[in-house]
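Dumped query-v1.cif below, it's mmCIF, C-alpha atoms:
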data_input
loop_
_atom_site.label_atom_id
_atom_site.label_comp_id
_atom_site.auth_asym_id
_atom_site.auth_seq_id
_atom_site.Cartn_x
_atom_site.Cartn_y
_atom_site.Cartn_z
CA MET A 24 10.69 -155.88 -122.17
CA THR A 25 8.26 -156.37 -119.45
CA ARG A 26 10.87 -158.06 -117.35
CA PHE A 27 13.30 -155.28 -118.07
CA ALA A 28 10.73 -152.57 -117.22
CA SER A 29 9.67 -154.31 -114.02
CA ALA A 30 13.31 -154.74 -112.95
CA LEU A 31 13.99 -151.08 -113.71
CA LEU A 32 10.96 -149.98 -111.69
CA LEU A 33 11.97 -152.23 -108.80
CA LEU A 34 15.50 -150.86 -108.83
CA GLY A 35 14.27 -147.22 -109.01
CA GLY A 36 11.86 -147.78 -106.11
CA ALA A 37 14.64 -149.35 -104.03
CA VAL A 38 16.91 -146.34 -104.71
CA ILE A 39 14.15 -143.92 -103.68
CA LEU A 40 13.45 -145.86 -100.45
CA ILE A 41 17.12 -146.00 -99.50
CA THR A 42 17.50 -142.29 -100.24
CA LEU A 43 14.52 -141.47 -97.98
CA GLN A 44 15.93 -143.61 -95.18
CA VAL A 45 19.41 -142.12 -95.33
CA SER A 46 18.52 -138.43 -95.85
CA PRO A 47 17.57 -136.15 -92.86
CA ALA A 48 13.90 -135.51 -92.08
CA THR A 49 14.01 -131.76 -92.73
CA SER A 50 15.92 -129.70 -95.16
CA ALA A 51 16.37 -126.76 -92.71
CA PRO A 52 19.89 -125.87 -91.77
CA GLY A 53 21.12 -127.00 -88.37
CA PRO A 54 21.07 -124.72 -85.35
CA ARG A 55 23.68 -121.99 -85.33
CA ILE A 56 25.85 -122.02 -82.27
CA VAL A 57 26.29 -118.50 -80.93
CA ASP A 58 28.81 -117.70 -78.29
CA ALA A 59 26.71 -116.59 -75.31
CA PRO A 60 28.36 -114.02 -73.08
CA SER A 61 29.48 -115.45 -69.81
CA PRO A 62 28.18 -114.00 -66.53
CA PHE A 63 31.62 -112.57 -65.89
CA ASP A 64 31.50 -110.64 -69.18
CA GLN A 65 28.13 -109.19 -68.21
CA VAL A 66 29.33 -108.06 -64.79
CA SER A 67 32.80 -106.87 -65.76
CA PRO A 68 31.85 -103.17 -66.37
CA ILE A 69 30.34 -102.98 -62.90
CA LEU A 70 33.39 -104.67 -61.37
CA VAL A 71 35.71 -102.17 -63.06
CA GLU A 72 33.68 -99.27 -61.66
CA VAL A 73 33.67 -100.77 -58.15
CA ASN A 74 37.42 -101.35 -58.29
CA THR A 75 38.08 -97.72 -59.27
CA GLN A 76 35.95 -96.51 -56.38
CA VAL A 77 37.81 -98.81 -53.97
CA GLU A 78 41.14 -97.43 -55.14
CA ARG A 79 39.88 -93.87 -54.72
CA MET A 80 38.78 -94.66 -51.14
CA ARG A 81 42.14 -96.22 -50.31
CA ALA A 82 43.89 -93.10 -51.58
CA ARG A 83 41.69 -90.95 -49.32
CA LEU A 84 42.53 -93.13 -46.30
CA GLU A 85 46.27 -92.78 -46.90
CA THR A 86 46.16 -89.01 -46.57
CA THR A 87 46.51 -87.78 -42.99
CA THR A 88 44.91 -84.74 -41.52
CA ASP A 89 46.70 -82.37 -39.19
CA TYR A 90 44.88 -81.89 -35.95
CA PRO A 91 45.06 -78.58 -34.12
CA ALA A 92 47.52 -78.21 -31.26
CA PRO A 93 46.05 -79.22 -27.91
CA ARG A 94 44.78 -76.43 -25.72
CA ARG A 95 45.61 -75.86 -22.14
CA ASP A 96 42.23 -77.04 -20.78
CA PRO A 97 41.59 -80.62 -21.97
CA PHE A 98 38.00 -80.54 -20.64
CA SER A 99 36.92 -77.62 -22.75
CA PHE A 100 35.68 -78.79 -26.10
CA GLY A 101 34.90 -75.35 -27.45
CA GLU A 102 31.65 -73.90 -28.54
CA PRO A 103 30.64 -74.24 -32.16
CA VAL A 104 30.08 -70.96 -33.91
CA ARG A 105 26.40 -70.56 -34.55
CA PRO A 106 25.17 -67.85 -36.85
CA ALA A 107 22.69 -65.47 -35.35
CA VAL A 108 19.21 -66.40 -36.43
CA PRO A 109 16.83 -63.47 -36.43
CA THR A 110 13.59 -64.28 -34.69
CA PRO A 111 10.49 -63.02 -36.41
CA PRO A 112 8.55 -60.49 -34.38
CA LYS A 113 5.46 -61.83 -32.71
CA VAL A 114 2.33 -60.37 -34.15
CA GLU A 115 -0.89 -60.97 -32.37
CA THR A 116 -3.64 -61.68 -34.79
CA PRO A 117 -6.91 -60.23 -33.68
CA VAL A 118 -9.82 -62.59 -33.37
CA LEU A 119 -12.06 -61.71 -36.26
CA TYR A 120 -14.94 -63.93 -35.27
CA GLU A 121 -16.09 -65.85 -32.30
CA ALA A 122 -17.30 -69.40 -32.24
CA PRO A 123 -21.00 -69.63 -33.04
CA PRO A 124 -23.22 -70.16 -30.01
CA VAL A 125 -24.85 -73.50 -29.31
CA LEU A 126 -28.37 -73.31 -30.68
CA PRO A 127 -31.28 -75.29 -29.24
CA ARG A 128 -32.53 -78.23 -31.30
CA LEU A 129 -35.80 -77.70 -33.17
CA VAL A 130 -38.06 -80.73 -32.88
CA ALA A 131 -41.28 -79.61 -34.58
CA VAL A 132 -43.35 -76.63 -35.72
CA LEU A 133 -47.04 -76.79 -34.79
CA SER A 134 -49.70 -74.77 -36.60
CA SER A 135 -53.18 -74.02 -35.29
CA ALA A 136 -55.99 -71.77 -36.54
CA ALA A 137 -56.61 -68.76 -34.31
CA ASP A 138 -58.57 -65.52 -34.87
CA GLY A 139 -58.63 -65.63 -38.66
CA GLY A 140 -54.95 -66.65 -39.03
CA TRP A 141 -52.47 -69.30 -38.18
CA LEU A 142 -50.63 -69.43 -34.88
CA ARG A 143 -47.35 -71.28 -35.09
CA THR A 144 -45.66 -72.80 -32.07
CA ALA A 145 -42.10 -74.16 -32.13
CA VAL A 146 -41.10 -77.20 -30.11
CA PHE A 147 -37.45 -77.16 -28.92
CA ALA A 148 -35.55 -79.90 -27.10
CA ALA A 149 -33.33 -78.60 -24.30
CA GLY A 150 -31.64 -81.67 -22.84
CA ASP A 151 -34.42 -83.86 -21.38
CA ASP A 152 -36.86 -80.92 -21.34
CA VAL A 153 -39.20 -79.88 -24.16
CA GLN A 154 -40.17 -76.20 -24.54
CA LEU A 155 -43.06 -74.77 -26.56
CA VAL A 156 -42.40 -71.19 -27.71
CA THR A 157 -44.18 -68.59 -29.84
CA PRO A 158 -42.74 -65.42 -31.44
CA GLY A 159 -41.43 -63.06 -28.73
CA ASP A 160 -40.74 -65.83 -26.17
CA ARG A 161 -37.29 -66.54 -24.74
CA ILE A 162 -35.45 -69.85 -25.06
CA GLY A 163 -32.08 -69.91 -23.30
CA ASN A 164 -30.16 -66.75 -24.29
CA PHE A 165 -32.21 -66.24 -27.47
CA ILE A 166 -35.47 -64.51 -28.33
CA VAL A 167 -37.78 -66.07 -30.94
CA ARG A 168 -38.26 -63.55 -33.77
CA SER A 169 -40.38 -65.55 -36.20
CA ILE A 170 -41.59 -69.08 -36.84
CA ALA A 171 -41.94 -70.33 -40.42
CA ALA A 172 -43.36 -73.67 -41.57
CA ASP A 173 -39.92 -75.31 -41.58
CA ALA A 174 -37.58 -73.01 -39.61
CA VAL A 175 -37.37 -70.68 -36.62
CA THR A 176 -35.40 -67.42 -36.49
CA LEU A 177 -33.66 -66.77 -33.15
CA VAL A 178 -31.99 -63.47 -32.17
CA ASP A 179 -29.19 -63.04 -29.65
CA PRO A 180 -30.11 -59.85 -27.74
CA ALA A 181 -26.48 -59.21 -26.66
CA THR A 182 -25.05 -59.06 -30.20
CA GLY A 183 -28.15 -58.66 -32.33
CA ALA A 184 -27.10 -61.65 -34.48
CA ALA A 185 -29.90 -63.69 -36.00
CA PHE A 186 -29.74 -67.46 -36.40
CA ARG A 187 -32.01 -69.69 -38.47
CA VAL A 188 -32.74 -73.09 -36.90
CA GLN A 189 -34.22 -75.80 -39.11
#

Once more with this new file: its structure as structure tokens, please.
Amino acid sequence: MTRFASALLLLGGAVILITLQVSPATSAPGPRIVDAPSPFDQVSPILVEVNTQVERMRARLETTTDYPAPRRDPFSFGEPVRPAVPTPPKVETPVLYEAPPVLPRLVAVLSSAADGGWLRTAVFAAGDDVQLVTPGDRIGNFIVRSIAADAVTLVDPATGAAFRVQ
């Protein structure tokens, strides 16, 4: 029985090997072939629309228009009728404010002790010139009203407007 069992095992192994060699590697089904739409099928709706528009244009070209009878003067082309356009009335807007005047440039504020108080002097730059002023002095068209530690108040005597220069 040992010979019979060994022969049976050898035969079974040979059948298994042959089956593995002959059978496919995977058991998955093969790829499904799907009919892909051709480029013409994809473009056909657009082509149909273009063809209908071309036919419509051809029909428009076939119709003729009647031109008006020629006039006596061939050099007169006629004036197009233009509707009257009302022009809005011109309203002058009054000037509500004037441009602010050019103020001198404050360079520094000097403080010095005098007669039990502080005397402040403002230093203004006027072009290449430097002017030292105290309250009540004139600089250009302005009069110096007051001098604080960081600003000077100037008054325009013509309008009475006050300007703060820092």

Report the distance between atom CA of A:Arg187 and atom CA of A:Leu129 in Å, rounded to one decimal place.
->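 Interatomic distance here is 10.3 Å.
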
Any idea what's packed within 12 Å of A:Arg161, counting only C-alpha atoms, ignoring anything in its chain fewer than 6 positions away? Could you give it as a ChimeraX atom specification?
-> /A:127,145,147,154-155,167-169,176-180

Selection file, C-alpha atoms, as a tab-separated table (two decimals), in the coordinates of the input:
chain	number	residue	atom	x	y	z
A	127	PRO	CA	-31.28	-75.29	-29.24
A	145	ALA	CA	-42.10	-74.16	-32.13
A	147	PHE	CA	-37.45	-77.16	-28.92
A	154	GLN	CA	-40.17	-76.20	-24.54
A	155	LEU	CA	-43.06	-74.77	-26.56
A	167	VAL	CA	-37.78	-66.07	-30.94
A	168	ARG	CA	-38.26	-63.55	-33.77
A	169	SER	CA	-40.38	-65.55	-36.20
A	176	THR	CA	-35.40	-67.42	-36.49
A	177	LEU	CA	-33.66	-66.77	-33.15
A	178	VAL	CA	-31.99	-63.47	-32.17
A	179	ASP	CA	-29.19	-63.04	-29.65
A	180	PRO	CA	-30.11	-59.85	-27.74

Polymer residues at most 9 Å from A:Asp173, all atoms listed in the file, same-chain spacing of 4 or more positions, as a PyMOL selection string | chain A and resi 131-132+188-189

Atom CA of A:Ala137 and atom CA of A:Pro158 are how many Å apart?
->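 Computing it gives 14.6 Å between the two atoms.
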
Counting only C-alpha atoms, which of A:Pro54, A:Gly159, A:Pro111, A:Pro124 gets nearest to A:Val175?
->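 Between A:Pro54, A:Gly159, A:Pro111, A:Pro124, the residue approaching A:Val175 most closely is A:Gly159.
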
Tell me which of A:Val108, A:Ala37, A:Leu142, A:Val130 sits closest to A:Ala171, counting only C-alpha atoms.
-> A:Leu142

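Atom CA of A:Leu126 to atom CA of A:Gly183 spans 14.7 Å [interatomic distance, one decimal].
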
Find, counting only C-alpha atoms, the residue in A:Glu121, A:Val77, A:Asp151, A:Arg143 that gets nearest to A:Thr182.
->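 Ranked by minimum distance to A:Thr182, first place goes to A:Glu121.
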